[in-house]
Each structure stands twice: as C-alpha cells, then as structure tokens.
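Peer 1: The structure follows.
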Amino acid sequence: MVKITDTGFGYIVVDDKKYDEDIVICRDKVFKRPKHLSKKYREIYRHTPLSIDELKYILELCRDIKIIVIGKGQNGALPIPDEVLDFLDKGGYKVYIDITPKAVDYVNGLSSKNNEYLAILHITC
C-alpha cells in the first residue's frame with residue numbers, strides 16, 4: 001500500500017522517499033511522469049500539459065485501471081486538454097482531478113481500500 005506523507009512546491013514524499021519531480025503511482029509502484037511525451041505542446045499551453053499521448057502511454061504501462069487521480073499541481077496550473085478529458089469520460093474511468101494536496105488526500109484514502117487506481121501527480125505550480 002502506497003502512503004503519501006507530504007507534498008509541497010517541488011516535492012512529494014511517498015513511502016518515506018522524497019521525489020523532486022512529477023510522479024505516477026500505478027497501484028503500488030511509483031515512477032517518474034513521462035513528461036517528455038507532452039513537451040511538444042508546451043508552447044500552446046505555456047506549461048507542459050498532460051497530453052493524450054502521455055496519458056495513453058501511462059495507461060499502456062498501467063492496465064486494468066478503474067480510477068484515475070490527477071493532481072494539477074500545488075496551485076492547479078497543470079493544463080489538461082479537452083481531448084484528455086473526453087478520452088477519460090469515454091473510457092468509463094472514475095476520475096478525480098484537483099490540486100495536488102487534495103489529490104494526495106484522495107489517493108491516501110484509495111490506497112487503503114482499492115488497488116485499481118492510477119495517480120498522475122504534478123508537484124509544482
């Protein structure tokens with residue numbers, strides 16, 4: 001079971017390990033968010049968004065997910081394009097999107113009850 005104990009601008013602490021980059025939690029595994037797949041959209045949004053390319057890649061790594069949690073950053077600045085929201089809606093996922101501190105609370109609640117979730121957590125802005 002994954003336990004997130006702290007987050008702030010530029011960091012997140014998961015299972016007593018501090019990360020200084022965006023992360024993905026797939027069930028009980030933590031890995032670096034593959035932001036390079038979304039970098040090409042940075043000029044459009046003035047920030048690297050969560051692109052459909054990146055989301056589909058993550059879902060290939062993390063199959064059979066029912067719940068997707070997205071932490072939009074400490075102040076909620078992570079852009080999420082409409083095509084991503086449409087894809088999530090059509091995919092039948094239960095989706096929770098909020099600022100990262102609230103998303104962390106949501107993930108911690110899920111971790112004790114449900115292992116079929118994916119969390120994408122932006123840790124800055």
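Identifiers for the structure tokens are assigned positionally: chains receive A, B, ... in sequence, residues are indexed from 1 per chain, and ligands are indexed from 1 in the order shown.
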Chain A: which residues are helix (DSSP H, G or I) by DSSP, as an MDAnalysis selection string?
Peer 2: chainID A and resid 35:37 39:45 52:61 82:90 100:111
Peer 1: Atoms to include: N, CA and C atoms. Write the selected residues as a compact mmCIF listing (two decimals), in the first residue's frame.
Peer 2:
```txt
# COMPACT_ATOMS: atom_id res chain seq x y z
N LYS A 35 6.88 13.12 -18.86
CA LYS A 35 6.52 14.44 -19.38
C LYS A 35 7.07 14.71 -20.78
N HIS A 36 8.15 14.02 -21.13
CA HIS A 36 8.74 14.25 -22.46
C HIS A 36 7.72 14.02 -23.58
N LEU A 37 6.72 13.20 -23.32
CA LEU A 37 5.69 12.93 -24.32
C LEU A 37 4.73 14.10 -24.51
N LYS A 39 5.90 17.46 -23.94
CA LYS A 39 6.70 18.69 -24.12
C LYS A 39 6.37 19.43 -25.41
N LYS A 40 6.02 18.70 -26.47
CA LYS A 40 5.76 19.36 -27.76
C LYS A 40 4.55 20.29 -27.70
N TYR A 41 3.73 20.18 -26.67
CA TYR A 41 2.55 21.04 -26.51
C TYR A 41 2.79 22.22 -25.58
N ARG A 42 3.99 22.33 -25.08
CA ARG A 42 4.32 23.36 -24.09
C ARG A 42 4.05 24.78 -24.60
N GLU A 43 4.41 25.07 -25.83
CA GLU A 43 4.21 26.42 -26.37
C GLU A 43 2.73 26.79 -26.46
N ILE A 44 1.90 25.82 -26.74
CA ILE A 44 0.45 26.08 -26.84
C ILE A 44 -0.12 26.48 -25.49
N TYR A 45 0.30 25.79 -24.43
CA TYR A 45 -0.28 25.99 -23.09
C TYR A 45 0.57 26.84 -22.16
N ILE A 52 -2.71 13.75 -24.39
CA ILE A 52 -3.31 12.45 -24.70
C ILE A 52 -2.22 11.42 -24.98
N ASP A 53 -1.13 11.86 -25.61
CA ASP A 53 -0.01 10.95 -25.89
C ASP A 53 0.55 10.38 -24.58
N GLU A 54 0.77 11.26 -23.63
CA GLU A 54 1.32 10.84 -22.35
C GLU A 54 0.34 9.95 -21.59
N LEU A 55 -0.91 10.33 -21.56
CA LEU A 55 -1.91 9.55 -20.84
C LEU A 55 -2.03 8.14 -21.42
N LYS A 56 -2.08 8.03 -22.73
CA LYS A 56 -2.19 6.70 -23.36
C LYS A 56 -0.96 5.84 -23.06
N TYR A 57 0.20 6.46 -23.06
CA TYR A 57 1.43 5.75 -22.73
C TYR A 57 1.37 5.22 -21.29
N ILE A 58 0.95 6.05 -20.38
CA ILE A 58 0.84 5.64 -18.97
C ILE A 58 -0.16 4.50 -18.83
N LEU A 59 -1.29 4.61 -19.53
CA LEU A 59 -2.31 3.56 -19.44
C LEU A 59 -1.83 2.23 -20.05
N GLU A 60 -0.90 2.29 -20.98
CA GLU A 60 -0.30 1.06 -21.50
C GLU A 60 0.56 0.39 -20.42
N LEU A 61 1.21 1.20 -19.61
CA LEU A 61 2.05 0.67 -18.53
C LEU A 61 1.22 0.20 -17.34
N ASP A 82 -8.92 19.34 -23.47
CA ASP A 82 -10.27 18.77 -23.59
C ASP A 82 -10.24 17.35 -24.13
N GLU A 83 -9.33 17.07 -25.07
CA GLU A 83 -9.28 15.72 -25.64
C GLU A 83 -8.92 14.68 -24.57
N VAL A 84 -8.15 15.05 -23.59
CA VAL A 84 -7.82 14.15 -22.48
C VAL A 84 -9.06 13.91 -21.64
N LEU A 85 -9.77 14.97 -21.32
CA LEU A 85 -11.00 14.84 -20.51
C LEU A 85 -12.04 14.01 -21.25
N ASP A 86 -12.18 14.21 -22.55
CA ASP A 86 -13.13 13.42 -23.36
C ASP A 86 -12.73 11.95 -23.36
N PHE A 87 -11.44 11.68 -23.52
CA PHE A 87 -10.94 10.31 -23.52
C PHE A 87 -11.25 9.62 -22.19
N LEU A 88 -11.02 10.33 -21.10
CA LEU A 88 -11.29 9.76 -19.78
C LEU A 88 -12.77 9.49 -19.59
N ASP A 89 -13.59 10.42 -20.05
CA ASP A 89 -15.03 10.27 -19.93
C ASP A 89 -15.52 9.06 -20.74
N LYS A 90 -15.07 8.95 -21.96
CA LYS A 90 -15.49 7.85 -22.84
C LYS A 90 -14.92 6.51 -22.38
N THR A 100 -2.85 19.21 -6.25
CA THR A 100 -2.11 18.04 -5.78
C THR A 100 -2.32 17.73 -4.30
N PRO A 101 -2.32 18.71 -3.39
CA PRO A 101 -2.56 18.35 -1.99
C PRO A 101 -3.89 17.63 -1.76
N LYS A 102 -4.94 18.04 -2.46
CA LYS A 102 -6.23 17.35 -2.31
C LYS A 102 -6.22 16.00 -3.02
N ALA A 103 -5.52 15.92 -4.15
CA ALA A 103 -5.39 14.64 -4.85
C ALA A 103 -4.63 13.63 -3.98
N VAL A 104 -3.63 14.11 -3.25
CA VAL A 104 -2.88 13.26 -2.33
C VAL A 104 -3.80 12.68 -1.26
N ASP A 105 -4.64 13.51 -0.69
CA ASP A 105 -5.59 13.02 0.30
C ASP A 105 -6.49 11.94 -0.29
N TYR A 106 -6.93 12.17 -1.52
CA TYR A 106 -7.80 11.21 -2.20
C TYR A 106 -7.06 9.89 -2.43
N VAL A 107 -5.81 9.97 -2.90
CA VAL A 107 -5.01 8.77 -3.13
C VAL A 107 -4.80 8.01 -1.82
N ASN A 108 -4.48 8.71 -0.76
CA ASN A 108 -4.28 8.04 0.52
C ASN A 108 -5.55 7.32 0.98
N GLY A 109 -6.69 7.88 0.70
CA GLY A 109 -7.95 7.20 1.01
C GLY A 109 -8.16 5.96 0.15
N LEU A 110 -7.76 6.04 -1.10
CA LEU A 110 -7.89 4.89 -2.01
C LEU A 110 -6.94 3.77 -1.65
N SER A 111 -5.73 4.12 -1.29
CA SER A 111 -4.68 3.13 -1.06
C SER A 111 -5.10 2.08 -0.04
```
Peer 1: Under the rule that only C-alpha atoms are counted, which of A:Thr48, A:Tyr19, A:Thr124, A:Lys72 is the nearest residue to A:Asp6?
Peer 2: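 Of A:Thr48, A:Tyr19, A:Thr124, A:Lys72, the one nearest A:Asp6 is A:Tyr19, counting only C-alpha atoms.
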Peer 1: Kindly give the distance, in Å, that separates atom CA of A:Pro81 and atom CA of A:Val14, rounded to a single decimal.
Peer 2: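 Atom CA of A:Val14 lies 27.4 Å from atom CA of A:Pro81.
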Peer 1: Record the distance separating atom CA of A:Cys125 and atom CA of A:Cys62, expressed in Å with one decimal.
Peer 2: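 For atom CA of A:Cys125 relative to atom CA of A:Cys62, the distance reads 25.7 Å.
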